[in-house]
file work22.cif (mmCIF, C-alpha atoms (C1' of nucleotides))
data_query
loop_
_atom_site.label_atom_id
_atom_site.label_comp_id
_atom_site.auth_asym_id
_atom_site.auth_seq_id
_atom_site.Cartn_x
_atom_site.Cartn_y
_atom_site.Cartn_z
CA MET A 1110 -95.56 141.59 -188.89
CA SER A 1111 -97.67 138.78 -190.21
CA SER A 1112 -94.81 136.33 -189.82
CA THR A 1113 -95.32 136.19 -186.07
CA PRO A 1114 -98.96 136.74 -185.21
CA THR A 1115 -99.70 138.05 -181.75
CA THR A 1116 -101.50 136.00 -179.16
CA LYS A 1117 -104.65 138.02 -179.75
CA GLU A 1118 -104.46 137.34 -183.48
CA ARG A 1119 -103.89 133.65 -182.93
CA ILE A 1120 -106.95 133.54 -180.68
CA VAL A 1121 -109.08 135.29 -183.29
CA TYR A 1122 -107.90 133.08 -186.14
CA ALA A 1123 -108.34 129.88 -184.15
CA SER A 1124 -111.81 131.02 -183.12
CA ALA A 1125 -112.74 131.84 -186.68
CA ASP A 1126 -111.64 128.39 -187.78
CA LEU A 1127 -113.49 126.60 -185.00
CA PHE A 1128 -116.65 128.71 -185.21
CA ARG A 1129 -116.90 127.99 -188.92
CA ARG A 1130 -116.45 124.25 -188.37
CA ARG A 1131 -118.49 123.59 -185.24
CA GLY A 1132 -120.39 126.80 -184.67
CA PHE A 1133 -120.31 129.24 -181.79
CA SER A 1134 -122.03 127.23 -179.07
CA GLY A 1135 -120.27 124.08 -180.18
CA THR A 1136 -116.84 125.56 -179.62
CA GLY A 1137 -115.44 125.78 -176.11
CA VAL A 1138 -113.07 128.50 -174.96
CA LYS A 1139 -110.60 125.86 -173.79
CA GLN A 1140 -110.63 124.42 -177.29
CA ILE A 1141 -109.89 127.86 -178.69
CA VAL A 1142 -106.86 128.57 -176.52
CA ALA A 1143 -105.57 125.04 -177.15
CA GLN A 1144 -105.69 125.48 -180.93
CA ALA A 1145 -104.31 129.01 -180.69
CA ARG A 1146 -101.49 127.80 -178.42
CA ALA A 1147 -102.44 130.65 -176.15
CA PRO A 1148 -102.69 130.75 -172.37
CA PHE A 1149 -106.19 130.68 -171.05
CA GLY A 1150 -105.86 133.93 -169.16
CA SER A 1151 -104.87 135.80 -172.30
CA LEU A 1152 -108.27 135.26 -173.81
CA TYR A 1153 -109.98 137.13 -170.99
CA HIS A 1154 -107.24 139.74 -170.95
CA HIS A 1155 -107.76 140.61 -174.61
CA PHE A 1156 -111.51 140.05 -174.53
CA PRO A 1157 -112.84 141.10 -171.13
CA GLY A 1158 -116.36 140.64 -172.47
CA GLY A 1159 -115.66 136.94 -172.81
CA LYS A 1160 -116.86 134.68 -175.56
CA GLU A 1161 -119.42 137.14 -176.87
CA GLU A 1162 -116.86 139.92 -177.35
CA LEU A 1163 -114.55 137.42 -179.02
CA GLY A 1164 -117.36 136.31 -181.32
CA GLU A 1165 -118.05 139.89 -182.30
CA GLU A 1166 -114.39 140.45 -183.15
CA VAL A 1167 -114.24 137.21 -185.13
CA ILE A 1168 -117.28 138.21 -187.16
CA ARG A 1169 -115.79 141.59 -188.04
CA VAL A 1170 -112.28 140.32 -188.78
CA ALA A 1171 -113.18 137.11 -190.62
CA GLY A 1172 -116.05 138.79 -192.43
CA GLY A 1173 -113.82 141.63 -193.56
CA MET A 1174 -111.08 139.31 -194.76
CA TYR A 1175 -113.53 137.13 -196.61
CA GLY A 1176 -115.07 140.11 -198.39
CA ALA A 1177 -111.63 141.34 -199.38
CA ILE A 1178 -110.77 137.98 -200.93
CA TYR A 1179 -113.78 138.05 -203.22
CA GLU A 1180 -113.27 141.70 -204.05
CA ALA A 1181 -109.81 140.76 -205.24
CA VAL A 1182 -111.16 137.87 -207.32
CA ILE A 1183 -113.61 140.20 -209.07
CA ASP A 1184 -111.09 142.99 -209.56
CA GLN A 1185 -108.65 140.58 -211.17
CA SER A 1186 -111.25 139.47 -213.70
CA PRO A 1187 -111.59 141.15 -217.10
CA ASP A 1188 -115.22 142.10 -216.43
CA VAL A 1189 -117.70 141.85 -213.62
CA VAL A 1190 -119.68 138.96 -215.12
CA THR A 1191 -116.53 136.87 -215.41
CA GLY A 1192 -115.65 137.96 -211.90
CA ILE A 1193 -118.91 136.64 -210.52
CA GLU A 1194 -118.47 133.35 -212.37
CA GLU A 1195 -114.94 133.06 -211.01
CA THR A 1196 -116.11 133.85 -207.47
CA PHE A 1197 -118.60 131.00 -207.42
CA ARG A 1198 -116.15 128.64 -209.08
CA ALA A 1199 -113.41 129.47 -206.60
CA ALA A 1200 -115.85 129.15 -203.69
CA GLY A 1201 -116.78 125.65 -204.80
CA VAL A 1202 -113.18 124.56 -205.36
CA HIS A 1203 -112.10 125.89 -201.99
CA LEU A 1204 -115.06 124.30 -200.24
CA ALA A 1205 -114.34 120.89 -201.75
CA GLU A 1206 -110.59 121.07 -201.11
CA SER A 1207 -111.15 121.95 -197.47
CA GLY A 1208 -113.22 118.81 -196.93
CA TRP A 1209 -116.52 120.73 -197.17
CA VAL A 1210 -115.61 122.96 -194.24
CA ASP A 1211 -114.48 126.33 -195.57
CA ALA A 1212 -117.66 128.00 -196.66
CA CYS A 1213 -118.76 131.40 -195.37
CA PRO A 1214 -116.90 132.08 -192.13
CA ILE A 1215 -119.76 133.87 -190.44
CA ALA A 1216 -123.00 132.38 -191.75
CA THR A 1217 -123.17 129.58 -189.17
CA ILE A 1218 -122.40 131.81 -186.22
CA THR A 1219 -124.80 134.49 -187.47
CA LEU A 1220 -127.74 132.11 -187.67
CA GLU A 1221 -126.86 130.67 -184.26
CA VAL A 1222 -126.75 133.92 -182.35
CA ALA A 1223 -129.04 136.21 -184.36
CA SER A 1224 -131.83 135.82 -181.82
CA ASP A 1225 -129.65 135.78 -178.71
CA SER A 1226 -126.79 138.26 -178.98
CA ALA A 1227 -127.47 141.75 -180.23
CA PRO A 1228 -123.78 142.77 -180.49
CA MET A 1229 -122.89 139.76 -182.60
CA ARG A 1230 -126.01 140.06 -184.74
CA ILE A 1231 -125.25 143.72 -185.42
CA ALA A 1232 -121.63 142.95 -186.23
CA ALA A 1233 -122.78 140.39 -188.79
CA HIS A 1234 -125.28 142.85 -190.21
CA GLU A 1235 -122.58 145.47 -190.65
CA VAL A 1236 -120.26 142.98 -192.32
CA PHE A 1237 -123.01 141.99 -194.74
CA GLU A 1238 -123.79 145.63 -195.48
CA GLY A 1239 -120.12 146.14 -196.25
CA TRP A 1240 -120.24 143.28 -198.70
CA PHE A 1241 -123.36 144.68 -200.35
CA ALA A 1242 -121.70 148.09 -200.68
CA LYS A 1243 -118.44 146.80 -202.12
CA LEU A 1244 -120.09 144.45 -204.59
CA GLY A 1245 -122.63 147.13 -205.48
CA GLU A 1246 -119.75 149.47 -206.31
CA ARG A 1247 -118.45 146.98 -208.85
CA PHE A 1248 -121.86 146.73 -210.46
CA GLU A 1249 -122.21 150.51 -210.56
CA ALA A 1250 -118.78 150.76 -212.14
CA ALA A 1251 -120.13 148.50 -214.89
CA GLY A 1252 -122.92 150.98 -215.55
CA ILE A 1253 -125.75 149.62 -213.45
CA ALA A 1254 -127.93 152.10 -211.54
CA PRO A 1255 -127.32 152.26 -207.75
CA ALA A 1256 -130.63 150.79 -206.61
CA GLN A 1257 -130.40 147.91 -209.04
CA ALA A 1258 -126.72 147.43 -208.20
CA ARG A 1259 -127.59 146.97 -204.55
CA ALA A 1260 -130.41 144.54 -205.34
CA LEU A 1261 -128.07 142.60 -207.58
CA ALA A 1262 -125.41 142.47 -204.88
CA ILE A 1263 -127.93 141.15 -202.35
CA THR A 1264 -129.23 138.47 -204.70
CA THR A 1265 -125.73 137.44 -205.77
CA LEU A 1266 -124.61 137.00 -202.19
CA SER A 1267 -127.87 135.25 -201.29
CA LEU A 1268 -127.14 132.76 -204.04
CA LEU A 1269 -123.64 132.29 -202.68
CA GLU A 1270 -124.78 131.74 -199.09
CA GLY A 1271 -127.61 129.43 -200.08
CA GLY A 1272 -125.24 127.53 -202.33
CA PHE A 1273 -122.82 127.05 -199.46
CA LEU A 1274 -125.58 125.56 -197.31
CA PHE A 1275 -126.65 123.01 -199.92
CA CYS A 1276 -123.10 122.14 -200.94
CA ARG A 1277 -122.01 121.44 -197.38
CA ALA A 1278 -125.03 119.18 -196.86
CA ALA A 1279 -124.57 117.38 -200.17
CA ARG A 1280 -120.75 117.35 -200.26
CA SER A 1281 -121.06 118.40 -203.89
CA THR A 1282 -120.44 121.68 -205.68
CA GLU A 1283 -123.59 121.39 -207.78
CA ALA A 1284 -125.54 124.08 -205.95
CA LEU A 1285 -122.73 126.62 -206.17
CA ASP A 1286 -122.22 125.76 -209.84
CA VAL A 1287 -125.82 126.42 -210.82
CA ALA A 1288 -126.12 129.39 -208.48
CA GLY A 1289 -123.04 130.90 -210.15
CA VAL A 1290 -124.59 130.49 -213.58
CA GLN A 1291 -127.77 132.17 -212.39
CA ALA A 1292 -125.91 135.01 -210.68
CA ALA A 1293 -123.81 135.68 -213.77
CA ALA A 1294 -126.91 135.65 -215.96
CA ALA A 1295 -128.66 138.13 -213.70
CA VAL A 1296 -125.71 140.50 -213.77
CA ARG A 1297 -125.34 140.18 -217.54
CA ALA A 1298 -129.04 140.97 -218.00
CA ALA A 1299 -128.65 144.12 -215.90
CA LEU A 1300 -125.70 145.52 -217.85
CA PRO A 1301 -126.53 148.62 -219.94
CA GLN A 1302 -125.16 147.16 -223.18
CA PRO A 1303 -125.30 143.39 -222.87
CA PRO A 1304 -122.78 141.52 -225.02
CA HIS A 1305 -124.67 140.13 -228.00
CA SER A 1306 -122.53 137.01 -228.26
CA MET B 1422 -154.58 112.45 -183.53
CA SER B 1423 -153.15 115.93 -183.85
CA SER B 1424 -155.36 117.21 -181.03
CA THR B 1425 -153.25 115.38 -178.45
CA PRO B 1426 -149.69 115.02 -179.68
CA THR B 1427 -147.73 112.14 -178.23
CA THR B 1428 -144.76 112.66 -175.98
CA LYS B 1429 -142.44 111.82 -178.84
CA GLU B 1430 -144.12 114.40 -181.06
CA ARG B 1431 -143.97 117.06 -178.37
CA ILE B 1432 -140.25 116.38 -177.97
CA VAL B 1433 -139.67 116.69 -181.71
CA TYR B 1434 -141.68 119.89 -182.03
CA ALA B 1435 -140.03 121.51 -179.02
CA SER B 1436 -136.63 120.52 -180.35
CA ALA B 1437 -137.40 121.94 -183.77
CA ASP B 1438 -138.43 125.21 -182.19
CA LEU B 1439 -135.36 125.44 -179.97
CA PHE B 1440 -132.87 124.28 -182.61
CA ARG B 1441 -134.12 126.95 -184.99
CA ARG B 1442 -133.81 129.65 -182.33
CA ARG B 1443 -130.57 128.74 -180.58
CA GLY B 1444 -129.04 126.08 -182.75
CA PHE B 1445 -128.22 122.47 -181.99
CA SER B 1446 -125.26 122.87 -179.64
CA GLY B 1447 -126.90 125.83 -177.97
CA THR B 1448 -129.95 123.83 -176.93
CA GLY B 1449 -129.78 121.51 -173.93
CA VAL B 1450 -131.77 118.33 -173.60
CA LYS B 1451 -133.17 119.51 -170.28
CA GLN B 1452 -134.44 122.62 -172.03
CA ILE B 1453 -136.10 120.41 -174.62
CA VAL B 1454 -137.98 118.20 -172.18
CA ALA B 1455 -138.98 121.25 -170.15
CA GLN B 1456 -140.53 122.97 -173.17
CA ALA B 1457 -142.08 119.71 -174.36
CA ARG B 1458 -143.49 119.02 -170.87
CA ALA B 1459 -142.02 115.57 -171.22
CA PRO B 1460 -140.23 113.43 -168.68
CA PHE B 1461 -136.50 113.32 -169.11
CA GLY B 1462 -136.33 109.57 -169.45
CA SER B 1463 -138.81 109.58 -172.32
CA LEU B 1464 -136.34 111.38 -174.53
CA TYR B 1465 -133.83 108.58 -174.27
CA HIS B 1466 -136.55 105.97 -174.54
CA HIS B 1467 -137.79 107.33 -177.86
CA PHE B 1468 -134.33 108.33 -179.06
CA PRO B 1469 -131.81 105.79 -177.76
CA GLY B 1470 -129.18 107.43 -179.94
CA GLY B 1471 -129.50 110.56 -177.83
CA LYS B 1472 -129.33 114.09 -179.07
CA GLU B 1473 -127.91 113.14 -182.46
CA GLU B 1474 -130.76 110.76 -183.26
CA LEU B 1475 -133.22 113.39 -182.10
CA GLY B 1476 -131.54 115.97 -184.33
CA GLU B 1477 -131.82 113.67 -187.30
CA GLU B 1478 -135.52 113.14 -186.69
CA VAL B 1479 -136.08 116.86 -186.23
CA ILE B 1480 -134.36 117.60 -189.54
CA ARG B 1481 -136.51 115.10 -191.40
CA VAL B 1482 -139.80 116.06 -189.76
CA ALA B 1483 -139.36 119.82 -189.67
CA GLY B 1484 -137.78 119.85 -193.12
CA GLY B 1485 -140.63 117.81 -194.53
CA MET B 1486 -143.29 120.01 -192.95
CA TYR B 1487 -141.60 123.16 -194.12
CA GLY B 1488 -141.38 121.90 -197.69
CA ALA B 1489 -145.04 120.95 -197.60
CA ILE B 1490 -146.02 124.45 -196.50
CA TYR B 1491 -144.32 126.07 -199.47
CA GLU B 1492 -145.62 123.44 -201.86
CA ALA B 1493 -149.08 124.40 -200.70
CA VAL B 1494 -148.38 128.10 -201.20
CA ILE B 1495 -147.24 127.48 -204.76
CA ASP B 1496 -150.10 125.11 -205.59
CA GLN B 1497 -152.64 127.65 -204.37
CA SER B 1498 -151.24 130.31 -206.70
CA PRO B 1499 -152.61 130.83 -210.21
CA ASP B 1500 -149.22 130.19 -211.80
CA VAL B 1501 -145.76 129.18 -210.70
CA VAL B 1502 -144.24 132.66 -211.03
CA THR B 1503 -146.89 134.10 -208.76
CA GLY B 1504 -146.34 131.15 -206.45
CA ILE B 1505 -142.64 131.95 -206.12
CA GLU B 1506 -143.39 135.60 -205.45
CA GLU B 1507 -145.92 134.63 -202.81
CA THR B 1508 -143.48 132.18 -201.20
CA PHE B 1509 -140.83 134.86 -200.65
CA ARG B 1510 -143.41 137.38 -199.51
CA ALA B 1511 -144.92 134.95 -197.02
CA ALA B 1512 -141.46 133.96 -195.79
CA GLY B 1513 -140.63 137.59 -195.06
CA VAL B 1514 -143.91 138.30 -193.34
CA HIS B 1515 -143.64 135.21 -191.18
CA LEU B 1516 -140.03 135.97 -190.30
CA ALA B 1517 -140.85 139.52 -189.22
CA GLU B 1518 -143.96 138.51 -187.28
CA SER B 1519 -142.02 135.87 -185.36
CA GLY B 1520 -139.53 138.43 -184.13
CA TRP B 1521 -136.94 137.42 -186.75
CA VAL B 1522 -136.81 133.86 -185.50
CA ASP B 1523 -138.86 131.65 -187.82
CA ALA B 1524 -136.69 131.29 -190.89
CA CYS B 1525 -135.61 127.94 -192.30
CA PRO B 1526 -136.00 125.34 -189.56
CA ILE B 1527 -132.96 123.33 -190.55
CA ALA B 1528 -130.41 125.74 -192.04
CA THR B 1529 -128.80 126.64 -188.72
CA ILE B 1530 -128.53 123.08 -187.49
CA THR B 1531 -127.27 121.89 -190.88
CA LEU B 1532 -124.40 124.36 -190.96
CA GLU B 1533 -123.56 123.56 -187.34
CA VAL B 1534 -123.28 119.80 -187.72
CA ALA B 1535 -122.38 119.35 -191.39
CA SER B 1536 -118.74 118.66 -190.53
CA ASP B 1537 -119.38 116.67 -187.34
CA SER B 1538 -122.38 114.39 -187.70
CA ALA B 1539 -122.76 112.28 -190.80
CA PRO B 1540 -126.30 111.09 -190.00
CA MET B 1541 -127.60 114.60 -189.48
CA ARG B 1542 -125.76 115.95 -192.52
CA ILE B 1543 -127.22 113.20 -194.69
CA ALA B 1544 -130.70 113.79 -193.31
CA ALA B 1545 -130.43 117.46 -194.23
CA HIS B 1546 -129.12 116.55 -197.67
CA GLU B 1547 -132.08 114.26 -198.27
CA VAL B 1548 -134.53 116.91 -197.12
CA PHE B 1549 -132.98 119.43 -199.48
CA GLU B 1550 -133.07 116.94 -202.35
CA GLY B 1551 -136.75 116.43 -201.61
CA TRP B 1552 -137.31 120.16 -201.84
CA PHE B 1553 -135.42 120.34 -205.14
CA ALA B 1554 -137.49 117.48 -206.54
CA LYS B 1555 -140.85 118.89 -205.47
CA LEU B 1556 -140.11 122.41 -206.66
CA GLY B 1557 -138.58 121.03 -209.86
CA GLU B 1558 -141.83 119.16 -210.51
CA ARG B 1559 -143.75 122.44 -210.38
CA PHE B 1560 -141.36 123.99 -212.89
CA GLU B 1561 -141.60 120.97 -215.17
CA ALA B 1562 -145.36 121.18 -214.98
CA ALA B 1563 -145.02 124.73 -216.30
CA GLY B 1564 -143.17 123.42 -219.33
CA ILE B 1565 -139.53 123.77 -218.26
CA ALA B 1566 -137.12 120.98 -219.20
CA PRO B 1567 -136.07 118.70 -216.29
CA ALA B 1568 -132.41 119.74 -216.08
CA GLN B 1569 -133.27 123.43 -216.14
CA ALA B 1570 -136.14 122.86 -213.72
CA ARG B 1571 -133.73 121.34 -211.20
CA ALA B 1572 -131.22 124.17 -211.64
CA LEU B 1573 -134.01 126.68 -211.18
CA ALA B 1574 -135.22 124.93 -208.04
CA ILE B 1575 -131.71 124.98 -206.57
CA THR B 1576 -131.18 128.66 -207.34
CA THR B 1577 -134.63 129.62 -206.07
CA LEU B 1578 -134.04 127.86 -202.76
CA SER B 1579 -130.51 129.27 -202.54
CA LEU B 1580 -132.00 132.73 -202.85
CA LEU B 1581 -134.49 131.89 -200.12
CA GLU B 1582 -131.86 130.52 -197.72
CA GLY B 1583 -129.44 133.37 -198.36
CA GLY B 1584 -132.25 135.84 -197.94
CA PHE B 1585 -133.13 134.32 -194.58
CA LEU B 1586 -129.55 134.76 -193.38
CA PHE B 1587 -129.34 138.44 -194.32
CA CYS B 1588 -132.83 139.24 -193.07
CA ARG B 1589 -132.20 137.71 -189.66
CA ALA B 1590 -128.97 139.70 -189.33
CA ALA B 1591 -130.55 142.94 -190.53
CA ARG B 1592 -133.99 142.50 -188.95
CA SER B 1593 -135.41 143.66 -192.26
CA THR B 1594 -137.18 141.86 -195.08
CA GLU B 1595 -135.22 143.67 -197.78
CA ALA B 1596 -133.06 140.70 -198.77
CA LEU B 1597 -136.02 138.35 -199.12
CA ASP B 1598 -137.91 141.00 -201.06
CA VAL B 1599 -135.21 141.51 -203.68
CA ALA B 1600 -134.36 137.78 -203.76
CA GLY B 1601 -138.02 137.05 -204.46
CA VAL B 1602 -138.05 139.48 -207.37
CA GLN B 1603 -134.92 137.87 -208.78
CA ALA B 1604 -136.25 134.33 -208.33
CA ALA B 1605 -139.53 135.19 -210.02
CA ALA B 1606 -137.68 136.85 -212.90
CA ALA B 1607 -135.49 133.79 -213.39
CA VAL B 1608 -138.49 131.48 -213.48
CA ARG B 1609 -140.37 133.76 -215.86
CA ALA B 1610 -137.37 133.85 -218.19
CA ALA B 1611 -137.26 130.06 -218.25
CA LEU B 1612 -140.92 129.57 -219.16
CA PRO B 1613 -141.48 128.29 -222.71
CA GLN B 1614 -143.92 131.09 -223.62
CA PRO B 1615 -143.16 134.06 -221.41
CA PRO B 1616 -146.05 136.45 -220.83
CA HIS B 1617 -145.44 139.49 -223.01
CA SER B 1618 -146.94 141.94 -220.54
"C1'" DC C 1342 -158.21 89.56 -163.24
"C1'" DA C 1343 -152.97 88.49 -164.13
"C1'" DG C 1344 -148.95 89.33 -166.79
"C1'" DC C 1345 -145.93 91.85 -169.61
"C1'" DA C 1346 -144.08 95.43 -172.41
"C1'" DA C 1347 -144.03 100.30 -173.14
"C1'" DT C 1348 -143.52 104.50 -171.18
"C1'" DT C 1349 -142.89 107.82 -167.52
"C1'" DA C 1350 -140.17 109.72 -163.85
"C1'" DG C 1351 -136.21 111.75 -161.95
"C1'" DA C 1352 -131.90 111.15 -159.33
"C1'" DT C 1353 -127.31 111.12 -160.42
"C1'" DA C 1354 -122.73 110.32 -162.66
"C1'" DG C 1355 -118.83 112.19 -165.03
"C1'" DA C 1356 -117.36 115.46 -168.09
"C1'" DT C 1357 -117.26 119.98 -169.81
"C1'" DC C 1358 -119.02 124.67 -169.83
"C1'" DG C 1359 -117.75 129.93 -169.38
"C1'" DC C 1360 -115.43 132.52 -166.37
"C1'" DT C 1361 -112.69 134.44 -162.19
"C1'" DC C 1362 -108.88 134.56 -159.59
"C1'" DT C 1363 -104.05 135.11 -158.12
"C1'" DA C 1364 -99.32 134.58 -159.16
"C1'" DG C 1365 -95.50 135.18 -161.95
"C1'" DC C 1366 -93.04 136.52 -166.21
"C1'" DG C 1367 -90.83 139.77 -169.54
"C1'" DC C 1368 -89.55 144.15 -170.85
"C1'" DG C 1369 -89.19 149.12 -171.38
"C1'" DA C 1370 -88.66 153.45 -168.44
"C1'" DA C 1371 -86.68 155.96 -164.69
"C1'" DT D 1372 -81.02 148.02 -160.80
"C1'" DT D 1373 -85.83 148.78 -159.53
"C1'" DC D 1374 -90.18 149.83 -160.53
"C1'" DG D 1375 -94.52 149.32 -163.10
"C1'" DC D 1376 -97.40 147.36 -166.44
"C1'" DG D 1377 -98.98 144.44 -170.12
"C1'" DC D 1378 -99.35 139.86 -170.71
"C1'" DT D 1379 -98.83 134.95 -169.71
"C1'" DA D 1380 -100.08 131.01 -167.07
"C1'" DG D 1381 -103.21 127.79 -165.18
"C1'" DA D 1382 -105.76 126.20 -160.97
"C1'" DG D 1383 -110.27 125.99 -159.76
"C1'" DC D 1384 -115.35 127.63 -159.09
"C1'" DG D 1385 -120.22 126.87 -159.74
"C1'" DA D 1386 -123.15 125.75 -163.28
"C1'" DT D 1387 -124.61 123.01 -166.96
"C1'" DC D 1388 -123.89 119.44 -170.27
"C1'" DT D 1389 -125.27 114.57 -172.20
"C1'" DA D 1390 -126.30 110.22 -170.88
"C1'" DT D 1391 -127.26 106.23 -167.71
"C1'" DC D 1392 -129.55 104.06 -164.18
"C1'" DT D 1393 -133.37 102.07 -161.40
"C1'" DA D 1394 -138.00 102.24 -160.11
"C1'" DA D 1395 -142.84 103.40 -160.66
"C1'" DT D 1396 -146.61 103.74 -163.60
"C1'" DT D 1397 -149.52 103.03 -167.60
"C1'" DG D 1398 -151.94 100.42 -170.92
"C1'" DC D 1399 -152.58 96.50 -173.81
"C1'" DT D 1400 -153.36 91.33 -174.13
"C1'" DG D 1401 -154.89 86.89 -172.85
#
call {"tool": "encode", "arguments": {"input": "work22.cif", "output": "structure tokens"}}
result
Amino acid sequence: MSSTPTTKERIVYASADLFRRRGFSGTGVKQIVAQARAPFGSLYHHFPGGKEELGEEVIRVAGGMYGAIYEAVIDQSPDVVTGIEETFRAAGVHLAESGWVDACPIATITLEVASDSAPMRIAAHEVFEGWFAKLGERFEAAGIAPAQARALAITTLSLLEGGFLFCRAARSTEALDVAGVQAAAAVRAALPQPPHS
Amino acid sequence: MSSTPTTKERIVYASADLFRRRGFSGTGVKQIVAQARAPFGSLYHHFPGGKEELGEEVIRVAGGMYGAIYEAVIDQSPDVVTGIEETFRAAGVHLAESGWVDACPIATITLEVASDSAPMRIAAHEVFEGWFAKLGERFEAAGIAPAQARALAITTLSLLEGGFLFCRAARSTEALDVAGVQAAAAVRAALPQPPHS
DNA sequence: CAGCAATTAGATAGATCGCTCTAGCGCGAA
DNA sequence: TTCGCGCTAGAGCGATCTATCTAATTGCTG
């Protein structure tokens, strides 16, 4: 039942929130259990591997949820180009409304640990590959060849991640706005029968 | 004289190296002075504001140097489209050769502190604006209108930063490769008289 | 040379780090 | 009830964190 999340879930959600805000190294385990309203011992009961195992779980869970959100945005749009435009627009709105905090939930932690923790790096890699696959499917469904669909998915998500970085530094949605225009244009150009409007 | 860097310079360079590898919170000041072969007290003599002031300086110095490197790559290319292609190619080669460490020197630290340290966030923002301006100048020199040149600079650098993220997670240059193709295509499409080859 | 500021040098304080440990609680099964 | 087990609960360990402090040394200036 999602109405009463378990202690383990509360720990994961609190960690995801804190890791996104202050990063992995910048977040202490005491801070996590305090925000999760969880006893300290429970963290090491559910995650015997400690902070690293928790980080891996957070990457997989938060990454999966985040991908699902944007899948839903695209699937609710009339066509994939509109879906991409809406994704970037929604990302910018959400980022601004959250006080320039809620960008990609795993980008910060991925960059932090990519050279230090193989399990976490691989978890992030697998999450990203999942995103590429799901977004690529949408492009293929619109008639784009598989190889180009994958390339388009990678560039679209690169634009999104880069846009997040610049927007958080600038406290402005400009970068996501122009990146969204560019991403939509790239997808439109790749469609088999581009709309001649 | 660059042959014998000062203590302050050694501290900044060592910090830049460590921040890029392990992030800001993940790097200790003792680690910094050890790698810089500097006395501990010198750090707080040159940076009375402590780690935050050091981080700000590192962002400005490393960000400025990094921008200058890619300016040089573009200016040594026969045209701006080739320059963009070469920039992404060189970024991928350098990233791989460094053991998937040497990506953007300030992206990790920027995401880590964007919500916590105003001085560091603003420093990163100003560095990024400098990059946008310099790259925009190159596009304007190729005949692209100022507003579009800025948008193109932002999207090009978003592709680069997003590509860095995915490549570090995947330990593969694929993302930078396809992002480079996309960036070059976008610039080519914006040129006033596109080559008809 | 003397005098002074800049810098080097490192010990140490006080807080926080990740983590381990034992004890006790709650609840379903026998 | 009585057992057994998953989970809660938090005290506390050694290590490490950032930052401060005083003293010694260096190098420039008159």
call {"tool": "closest_residue", "arguments": {"input": "work22.cif", "among": "A:Gln1144, A:Gly1150, A:Gly1135, A:Arg1119", "to": "DC1378 (chain D)", "atoms": "only C-alpha atoms (C1' of nucleotides)"}}
result
A:Gly1150
call {"tool": "residues_around", "arguments": {"input": "work22.cif", "residues": "region 1379-1394 of chain D", "least_positions_apart": "6", "cutoff": "7 Å", "atoms": "all atoms listed in the file", "output": "PyMOL selection string"}}
result
(chain A and resi 1148+1150-1151) or (chain C and resi 1357-1358+1366)
call {"tool": "resolve_selection", "arguments": {"input": "work22.cif", "expression": "the PyMOL selection byres ((chain C) within 12 of (chain A))", "output": "tab-separated table (two decimals) with C-alpha atoms (C1' of nucleotides), in the coordinates of the input"}}
result
chain	number	residue	atom	x	y	z
C	1357	DT	C1'	-117.26	119.98	-169.81
C	1358	DC	C1'	-119.02	124.67	-169.83
C	1359	DG	C1'	-117.75	129.93	-169.38
C	1360	DC	C1'	-115.43	132.52	-166.37
C	1361	DT	C1'	-112.69	134.44	-162.19
C	1362	DC	C1'	-108.88	134.56	-159.59
C	1363	DT	C1'	-104.05	135.11	-158.12
C	1364	DA	C1'	-99.32	134.58	-159.16
call {"tool": "atom_distance", "arguments": {"input": "work22.cif", "atom1": "CA of Ala1610 (chain B)", "atom2": "CA of Thr1577 (chain B)"}}
result
13.1 Å
call {"tool": "atom_distance", "arguments": {"input": "work22.cif", "atom1": "CA of Gly1272 (chain A)", "atom2": "CA of Leu1285 (chain A)"}}
result
4.7 Å
call {"tool": "atom_distance", "arguments": {"input": "work22.cif", "atom1": "CA of Val1433 (chain B)", "atom2": "CA of Leu1475 (chain B)"}}
result
7.3 Å
call {"tool": "resolve_selection", "arguments": {"input": "work22.cif", "expression": "the PyMOL selection byres ((chain B and resi 1589) around 9)", "output": "count of residues only"}}
result
21
call {"tool": "resolve_selection", "arguments": {"input": "work22.cif", "expression": "the PyMOL selection byres ((chain B and resi 1510) around 12)", "output": "count of residues only"}}
result
31
call {"tool": "residues_around", "arguments": {"input": "work22.cif", "residues": "Arg1441 (chain B)", "least_positions_apart": "4", "cutoff": "7 Å", "atoms": "only C-alpha atoms (C1' of nucleotides)", "output": "PyMOL selection string"}}
result
chain B and resi 1437+1526-1527+1529
